[in-house]
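Text of the file work.cif, holding mmCIF, N, CA and C atoms:
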data_target
loop_
_atom_site.label_atom_id
_atom_site.label_comp_id
_atom_site.auth_asym_id
_atom_site.auth_seq_id
_atom_site.Cartn_x
_atom_site.Cartn_y
_atom_site.Cartn_z
N MET A 591 -35.24 -48.24 -15.80
CA MET A 591 -35.43 -47.12 -14.94
C MET A 591 -34.06 -46.57 -14.56
N LYS A 592 -33.89 -45.27 -14.70
CA LYS A 592 -32.60 -44.63 -14.44
C LYS A 592 -32.59 -43.77 -13.18
N LEU A 593 -33.76 -43.30 -12.75
CA LEU A 593 -33.83 -42.34 -11.65
C LEU A 593 -35.09 -42.55 -10.83
N ILE A 594 -34.92 -42.45 -9.52
CA ILE A 594 -36.07 -42.43 -8.60
C ILE A 594 -35.98 -41.14 -7.81
N LYS A 595 -37.09 -40.43 -7.68
CA LYS A 595 -37.17 -39.21 -6.86
C LYS A 595 -38.08 -39.52 -5.68
N ILE A 596 -37.57 -39.29 -4.48
CA ILE A 596 -38.34 -39.58 -3.27
C ILE A 596 -38.52 -38.29 -2.47
N ASP A 597 -39.76 -37.96 -2.21
CA ASP A 597 -40.11 -36.77 -1.42
C ASP A 597 -41.27 -37.17 -0.53
N THR A 598 -40.95 -37.69 0.65
CA THR A 598 -41.99 -38.22 1.53
C THR A 598 -41.98 -37.56 2.91
N GLU A 599 -41.47 -36.33 2.96
CA GLU A 599 -41.50 -35.52 4.19
C GLU A 599 -40.94 -36.24 5.41
N GLY A 600 -39.81 -36.94 5.22
CA GLY A 600 -39.13 -37.58 6.35
C GLY A 600 -39.15 -39.09 6.33
N ALA A 601 -39.95 -39.69 5.48
CA ALA A 601 -40.03 -41.15 5.43
C ALA A 601 -39.13 -41.74 4.35
N GLU A 602 -38.19 -40.96 3.85
CA GLU A 602 -37.30 -41.42 2.77
C GLU A 602 -36.54 -42.68 3.16
N GLY A 603 -36.05 -42.75 4.39
CA GLY A 603 -35.32 -43.93 4.85
C GLY A 603 -36.17 -45.18 4.79
N ALA A 604 -37.40 -45.08 5.24
CA ALA A 604 -38.31 -46.24 5.21
C ALA A 604 -38.61 -46.65 3.76
N VAL A 605 -38.80 -45.68 2.89
CA VAL A 605 -39.06 -45.97 1.48
C VAL A 605 -37.86 -46.69 0.87
N LEU A 606 -36.67 -46.18 1.12
CA LEU A 606 -35.47 -46.79 0.55
C LEU A 606 -35.22 -48.20 1.10
N LYS A 607 -35.47 -48.39 2.38
CA LYS A 607 -35.30 -49.74 2.95
C LYS A 607 -36.30 -50.71 2.32
N GLY A 608 -37.49 -50.23 2.02
CA GLY A 608 -38.48 -51.08 1.36
C GLY A 608 -38.17 -51.33 -0.11
N ALA A 609 -37.34 -50.47 -0.69
CA ALA A 609 -37.01 -50.57 -2.12
C ALA A 609 -35.64 -51.18 -2.37
N VAL A 610 -34.98 -51.68 -1.32
CA VAL A 610 -33.60 -52.14 -1.46
C VAL A 610 -33.45 -53.23 -2.52
N THR A 611 -34.38 -54.15 -2.61
CA THR A 611 -34.30 -55.21 -3.61
C THR A 611 -34.42 -54.63 -5.02
N SER A 612 -35.36 -53.72 -5.21
CA SER A 612 -35.53 -53.10 -6.52
C SER A 612 -34.31 -52.26 -6.91
N LEU A 613 -33.75 -51.53 -5.95
CA LEU A 613 -32.57 -50.73 -6.24
C LEU A 613 -31.42 -51.62 -6.72
N SER A 614 -31.28 -52.77 -6.11
CA SER A 614 -30.20 -53.70 -6.48
C SER A 614 -30.50 -54.43 -7.77
N ASN A 615 -31.68 -55.03 -7.88
CA ASN A 615 -32.02 -55.84 -9.05
C ASN A 615 -32.14 -55.03 -10.33
N LEU A 616 -32.69 -53.83 -10.23
CA LEU A 616 -32.89 -53.00 -11.42
C LEU A 616 -31.68 -52.14 -11.74
N GLU A 617 -30.67 -52.18 -10.88
CA GLU A 617 -29.44 -51.40 -11.06
C GLU A 617 -29.76 -49.93 -11.35
N ILE A 618 -30.54 -49.32 -10.50
CA ILE A 618 -30.94 -47.93 -10.66
C ILE A 618 -29.74 -47.04 -10.31
N PRO A 619 -29.25 -46.26 -11.27
CA PRO A 619 -28.03 -45.51 -11.03
C PRO A 619 -28.20 -44.23 -10.21
N TYR A 620 -29.41 -43.66 -10.19
CA TYR A 620 -29.59 -42.38 -9.50
C TYR A 620 -30.85 -42.39 -8.64
N VAL A 621 -30.70 -41.81 -7.44
CA VAL A 621 -31.82 -41.61 -6.54
C VAL A 621 -31.72 -40.19 -6.01
N ILE A 622 -32.80 -39.44 -6.12
CA ILE A 622 -32.85 -38.10 -5.54
C ILE A 622 -33.78 -38.16 -4.33
N CYS A 623 -33.28 -37.66 -3.21
CA CYS A 623 -34.08 -37.61 -1.98
C CYS A 623 -34.15 -36.18 -1.49
N GLU A 624 -35.36 -35.77 -1.16
CA GLU A 624 -35.50 -34.49 -0.48
C GLU A 624 -35.08 -34.71 0.96
N ILE A 625 -34.27 -33.81 1.48
CA ILE A 625 -33.83 -33.88 2.87
C ILE A 625 -34.58 -32.83 3.67
N ASN A 626 -35.48 -33.31 4.49
CA ASN A 626 -36.27 -32.48 5.40
C ASN A 626 -35.88 -32.95 6.80
N ARG A 627 -34.94 -32.26 7.41
CA ARG A 627 -34.39 -32.73 8.69
C ARG A 627 -35.44 -32.83 9.77
N LEU A 628 -36.37 -31.90 9.82
CA LEU A 628 -37.44 -31.97 10.81
C LEU A 628 -38.31 -33.20 10.55
N GLY A 629 -38.66 -33.43 9.30
CA GLY A 629 -39.46 -34.61 8.94
C GLY A 629 -38.73 -35.90 9.27
N LEU A 630 -37.44 -35.96 8.96
CA LEU A 630 -36.65 -37.15 9.29
C LEU A 630 -36.64 -37.39 10.79
N LYS A 631 -36.45 -36.32 11.55
CA LYS A 631 -36.44 -36.43 13.02
C LYS A 631 -37.78 -36.95 13.53
N GLN A 632 -38.87 -36.43 12.98
CA GLN A 632 -40.20 -36.87 13.40
C GLN A 632 -40.45 -38.34 13.08
N MET A 633 -39.75 -38.85 12.05
CA MET A 633 -39.89 -40.26 11.66
C MET A 633 -38.83 -41.13 12.34
N GLY A 634 -38.05 -40.54 13.25
CA GLY A 634 -37.05 -41.30 13.99
C GLY A 634 -35.79 -41.58 13.21
N SER A 635 -35.45 -40.71 12.27
CA SER A 635 -34.28 -40.91 11.43
C SER A 635 -33.48 -39.62 11.34
N THR A 636 -32.35 -39.69 10.64
CA THR A 636 -31.50 -38.52 10.42
C THR A 636 -30.94 -38.55 9.01
N GLU A 637 -30.43 -37.41 8.58
CA GLU A 637 -29.76 -37.34 7.28
C GLU A 637 -28.56 -38.28 7.26
N LYS A 638 -27.81 -38.33 8.37
CA LYS A 638 -26.64 -39.20 8.45
C LYS A 638 -27.03 -40.67 8.25
N GLU A 639 -28.09 -41.11 8.89
CA GLU A 639 -28.54 -42.50 8.73
C GLU A 639 -28.92 -42.80 7.28
N LEU A 640 -29.59 -41.86 6.65
CA LEU A 640 -30.00 -42.02 5.26
C LEU A 640 -28.77 -42.11 4.36
N ARG A 641 -27.81 -41.21 4.56
CA ARG A 641 -26.60 -41.21 3.74
C ARG A 641 -25.76 -42.47 3.98
N ASP A 642 -25.66 -42.90 5.23
CA ASP A 642 -24.91 -44.12 5.55
C ASP A 642 -25.55 -45.33 4.89
N PHE A 643 -26.88 -45.41 4.92
CA PHE A 643 -27.59 -46.52 4.29
C PHE A 643 -27.32 -46.56 2.78
N MET A 644 -27.40 -45.40 2.15
CA MET A 644 -27.16 -45.35 0.71
C MET A 644 -25.70 -45.66 0.38
N ARG A 645 -24.79 -45.24 1.23
CA ARG A 645 -23.37 -45.55 1.01
C ARG A 645 -23.15 -47.06 1.06
N GLU A 646 -23.83 -47.74 1.99
CA GLU A 646 -23.72 -49.20 2.09
C GLU A 646 -24.21 -49.89 0.81
N LEU A 647 -25.14 -49.25 0.11
CA LEU A 647 -25.66 -49.79 -1.14
C LEU A 647 -24.79 -49.40 -2.35
N GLY A 648 -23.74 -48.63 -2.09
CA GLY A 648 -22.82 -48.25 -3.17
C GLY A 648 -23.11 -46.92 -3.83
N TYR A 649 -23.89 -46.06 -3.18
CA TYR A 649 -24.23 -44.75 -3.73
C TYR A 649 -23.41 -43.65 -3.05
N ASP A 650 -22.95 -42.70 -3.86
CA ASP A 650 -22.25 -41.52 -3.35
C ASP A 650 -23.24 -40.36 -3.30
N PRO A 651 -23.19 -39.54 -2.22
CA PRO A 651 -24.12 -38.41 -2.11
C PRO A 651 -23.57 -37.12 -2.74
N TYR A 652 -24.46 -36.40 -3.43
CA TYR A 652 -24.13 -35.11 -4.01
C TYR A 652 -25.21 -34.11 -3.61
N LEU A 653 -24.79 -32.93 -3.24
CA LEU A 653 -25.74 -31.85 -2.97
C LEU A 653 -26.16 -31.24 -4.29
N ILE A 654 -27.47 -31.10 -4.50
CA ILE A 654 -27.99 -30.43 -5.69
C ILE A 654 -28.22 -28.98 -5.30
N SER A 655 -27.58 -28.09 -6.04
CA SER A 655 -27.64 -26.66 -5.72
C SER A 655 -28.10 -25.86 -6.93
N ASP A 656 -28.74 -24.73 -6.68
CA ASP A 656 -29.12 -23.86 -7.79
C ASP A 656 -27.97 -22.91 -8.15
N GLN A 657 -26.88 -22.99 -7.39
CA GLN A 657 -25.70 -22.18 -7.67
C GLN A 657 -24.57 -23.07 -8.15
N PHE A 658 -23.65 -22.51 -8.92
CA PHE A 658 -22.52 -23.25 -9.44
C PHE A 658 -21.55 -23.58 -8.32
N PRO A 659 -21.00 -24.77 -8.24
CA PRO A 659 -21.30 -25.94 -9.07
C PRO A 659 -22.63 -26.55 -8.63
N HIS A 660 -23.41 -27.01 -9.59
CA HIS A 660 -24.75 -27.49 -9.30
C HIS A 660 -24.78 -28.82 -8.58
N LEU A 661 -23.72 -29.60 -8.71
CA LEU A 661 -23.59 -30.85 -7.96
C LEU A 661 -22.28 -30.81 -7.20
N GLN A 662 -22.37 -31.06 -5.90
CA GLN A 662 -21.17 -31.08 -5.06
C GLN A 662 -21.13 -32.41 -4.32
N LYS A 663 -20.08 -33.18 -4.58
CA LYS A 663 -19.93 -34.45 -3.88
C LYS A 663 -19.69 -34.16 -2.40
N LEU A 664 -20.40 -34.90 -1.54
CA LEU A 664 -20.31 -34.67 -0.10
C LEU A 664 -19.42 -35.71 0.55
N ALA A 665 -18.48 -35.24 1.34
CA ALA A 665 -17.66 -36.13 2.15
C ALA A 665 -18.54 -36.74 3.24
N PRO A 666 -18.21 -37.94 3.72
CA PRO A 666 -19.05 -38.60 4.73
C PRO A 666 -19.29 -37.76 5.99
N ASP A 667 -18.34 -36.91 6.34
CA ASP A 667 -18.48 -36.13 7.58
C ASP A 667 -18.92 -34.69 7.34
N PHE A 668 -19.30 -34.34 6.09
CA PHE A 668 -19.75 -32.99 5.79
C PHE A 668 -21.26 -32.94 5.74
N PHE A 669 -21.84 -32.01 6.50
CA PHE A 669 -23.28 -31.80 6.49
C PHE A 669 -23.55 -30.32 6.32
N MET A 670 -24.32 -29.99 5.31
CA MET A 670 -24.63 -28.61 5.00
C MET A 670 -25.40 -27.97 6.15
N LYS A 671 -25.04 -26.75 6.47
CA LYS A 671 -25.75 -26.00 7.50
C LYS A 671 -26.92 -25.29 6.83
N SER A 672 -28.12 -25.77 7.11
CA SER A 672 -29.30 -25.19 6.50
C SER A 672 -30.54 -25.51 7.33
N ILE A 673 -31.42 -24.55 7.43
CA ILE A 673 -32.70 -24.80 8.08
C ILE A 673 -33.77 -25.16 7.05
N TYR A 674 -33.37 -25.13 5.77
CA TYR A 674 -34.31 -25.36 4.68
C TYR A 674 -34.24 -26.80 4.18
N VAL A 675 -35.27 -27.19 3.48
CA VAL A 675 -35.32 -28.48 2.80
C VAL A 675 -34.42 -28.39 1.56
N PHE A 676 -33.71 -29.46 1.26
CA PHE A 676 -32.85 -29.48 0.08
C PHE A 676 -32.82 -30.90 -0.49
N ASN A 677 -32.26 -31.04 -1.67
CA ASN A 677 -32.22 -32.34 -2.34
C ASN A 677 -30.81 -32.88 -2.43
N LEU A 678 -30.69 -34.19 -2.26
CA LEU A 678 -29.43 -34.90 -2.48
C LEU A 678 -29.61 -35.87 -3.62
N LEU A 679 -28.61 -35.93 -4.47
CA LEU A 679 -28.55 -36.94 -5.53
C LEU A 679 -27.62 -38.04 -5.03
N PHE A 680 -28.09 -39.27 -5.08
CA PHE A 680 -27.25 -40.42 -4.77
C PHE A 680 -26.94 -41.09 -6.09
N SER A 681 -25.65 -41.22 -6.39
CA SER A 681 -25.21 -41.78 -7.66
C SER A 681 -24.45 -43.07 -7.42
N LYS A 682 -24.83 -44.10 -8.15
CA LYS A 682 -24.18 -45.40 -8.04
C LYS A 682 -23.21 -45.57 -9.19
N LYS A 683 -22.02 -46.01 -8.86
CA LYS A 683 -21.04 -46.25 -9.91
C LYS A 683 -21.35 -47.58 -10.58
N ILE A 684 -21.52 -47.53 -11.90
CA ILE A 684 -21.82 -48.72 -12.67
C ILE A 684 -20.65 -48.94 -13.63
N PRO A 685 -20.11 -50.14 -13.68
CA PRO A 685 -18.99 -50.40 -14.60
C PRO A 685 -19.35 -50.03 -16.04
N TRP A 686 -18.40 -49.41 -16.76
CA TRP A 686 -18.64 -48.98 -18.14
C TRP A 686 -19.06 -50.12 -19.04
N LYS A 687 -18.57 -51.31 -18.80
CA LYS A 687 -18.94 -52.46 -19.64
C LYS A 687 -20.45 -52.68 -19.60
N ARG A 688 -21.05 -52.53 -18.43
CA ARG A 688 -22.50 -52.71 -18.32
C ARG A 688 -23.25 -51.61 -19.05
N ILE A 689 -22.76 -50.39 -18.94
CA ILE A 689 -23.43 -49.27 -19.61
C ILE A 689 -23.40 -49.47 -21.12
N HIS A 690 -22.23 -49.82 -21.67
CA HIS A 690 -22.13 -50.03 -23.11
C HIS A 690 -22.96 -51.21 -23.56
N LYS A 691 -23.02 -52.25 -22.75
CA LYS A 691 -23.83 -53.43 -23.11
C LYS A 691 -25.30 -53.05 -23.21
N LYS A 692 -25.78 -52.24 -22.24
CA LYS A 692 -27.19 -51.83 -22.25
C LYS A 692 -27.49 -50.92 -23.44
N CYS A 693 -26.47 -50.18 -23.91
CA CYS A 693 -26.66 -49.26 -25.03
C CYS A 693 -26.46 -49.97 -26.36
N GLY A 694 -26.15 -51.26 -26.33
CA GLY A 694 -25.93 -52.00 -27.55
C GLY A 694 -24.52 -51.93 -28.08
N ARG A 695 -23.60 -51.49 -27.20
CA ARG A 695 -22.19 -51.40 -27.59
C ARG A 695 -21.40 -52.46 -26.86
N ALA A 696 -20.35 -52.93 -27.45
CA ALA A 696 -19.52 -53.97 -26.80
C ALA A 696 -18.32 -53.38 -26.11
#
Just give me the structure as structure tokens.
Amino acid sequence: MKLIKIDTEGAEGAVLKGAVTSLSNLEIPYVICEINRLGLKQMGSTEKELRDFMRELGYDPYLISDQFPHLQKLAPDFFMKSIYVFNLLFSKKIPWKRIHKKCGRA
């Protein structure tokens, strides 16, 4: 498995906390989460908490945009000003040796 997409209208943090073992054991390199700030607030969470949790697991956050550049790496203290729902890609750095090994290369 290479990618997980989570769209649970604010329960993304709870889903990720429940999936922490799978994320680690399966070495899933990419997770896309829909960010619905109102939904997160209603579930007692925030975008910052979600991003901090993913950072602790070794994932970097990127804003997915329909405008160029389509992926923008987000600094820990940068939060997009938007009233709309948007998606973040969390990317985990995997050592090249592991990638080549999985592809059958040494």
Open item on the list: Applying the PyMOL selection byres ((chain A and resi 652-665) around 6) to the file I just gave you, which residues come out? Please list them as a list in words.
Closed with: Asp650, Pro651, Pro666, Asp667, Phe668, Asn677, Leu678, Leu679, Phe680 and Ser681 of chain A
- [ ] If you run DSSP over the backbone, which residues in chain A end up strand (DSSP E)? Put them as a ChimeraX atom specification.
- [x] /A:593-596,620-625,649-654,661-663,676-682
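Residue neighbourhood of A:Glu602, excluding near-sequence residues (fewer than 6 positions): A:Ile596, A:Gly608, A:Cys623, A:Glu624, A:Gly629, A:Leu630, A:Leu640, at 8 Å, using all atoms listed in the file.
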- [ ] Kindly resolve the PyMOL selection byres ((chain A and resi 618) around 8) on the present coordinates and return the residues as number ranges by chain.
- [x] A: 591-594, 612-617, 619-621, 680-683
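Across the structure, atom C of A:Arg645 and atom N of A:Lys671 are spaced 21.1 Å apart.
The residue that comes closest to A:Glu646, out of A:Val605, A:Asp597, A:Val610, A:Met670 and on the basis of only C-alpha atoms, is A:Val610.
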Got a sec: who's within 7 Å of stretch 631-635 of chain A, counting only C-alpha atoms, leaving out chain neighbours fewer than 2 positions off, as a PDB file with N, CA and C atoms, keeping the file's coordinate frame?
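This went into around_9.pdb:
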ATOM      1  N   GLY A 600     -39.810 -36.940   5.220  1.00  0.00           N
ATOM      2  CA  GLY A 600     -39.130 -37.580   6.350  1.00  0.00           C
ATOM      3  C   GLY A 600     -39.150 -39.090   6.330  1.00  0.00           C
ATOM      4  N   ALA A 601     -39.950 -39.690   5.480  1.00  0.00           N
ATOM      5  CA  ALA A 601     -40.030 -41.150   5.430  1.00  0.00           C
ATOM      6  C   ALA A 601     -39.130 -41.740   4.350  1.00  0.00           C
ATOM      7  N   ARG A 627     -34.940 -32.260   7.410  1.00  0.00           N
ATOM      8  CA  ARG A 627     -34.390 -32.730   8.690  1.00  0.00           C
ATOM      9  C   ARG A 627     -35.440 -32.830   9.770  1.00  0.00           C
ATOM     10  N   LEU A 628     -36.370 -31.900   9.820  1.00  0.00           N
ATOM     11  CA  LEU A 628     -37.440 -31.970  10.810  1.00  0.00           C
ATOM     12  C   LEU A 628     -38.310 -33.200  10.550  1.00  0.00           C
ATOM     13  N   GLY A 629     -38.660 -33.430   9.300  1.00  0.00           N
ATOM     14  CA  GLY A 629     -39.460 -34.610   8.940  1.00  0.00           C
ATOM     15  C   GLY A 629     -38.730 -35.900   9.270  1.00  0.00           C
ATOM     16  N   GLU A 639     -28.090 -41.110   8.890  1.00  0.00           N
ATOM     17  CA  GLU A 639     -28.540 -42.500   8.730  1.00  0.00           C
ATOM     18  C   GLU A 639     -28.920 -42.800   7.280  1.00  0.00           C
TER      19      GLU A 639
END
- [ ] From a DSSP pass on the backbone, collect the residues of stretch 616-683 of chain A flagged as alpha helix (DSSP H) and hand them back as a list of chain:residue names.
- [x] A:Arg627, A:Leu628, A:Gly629, A:Leu630, A:Lys631, A:Gln632, A:Glu637, A:Lys638, A:Glu639, A:Leu640, A:Arg641, A:Asp642, A:Phe643, A:Met644, A:Arg645, A:Glu646
Task: Computed interatomic separation between atom CA of A:Thr598 and atom CA of A:Gly648 (Å) - done: 22.1 Å
Stretch 676-683 of chain A: axis-aligned bounding box, 6 Å on each side, centre and edge lengths in Å, one decimal, as JSON:
{"center_x": -27.4, "center_y": -38.5, "center_z": -4.7, "size_x": 24.7, "size_y": 30.1, "size_z": 23.8}
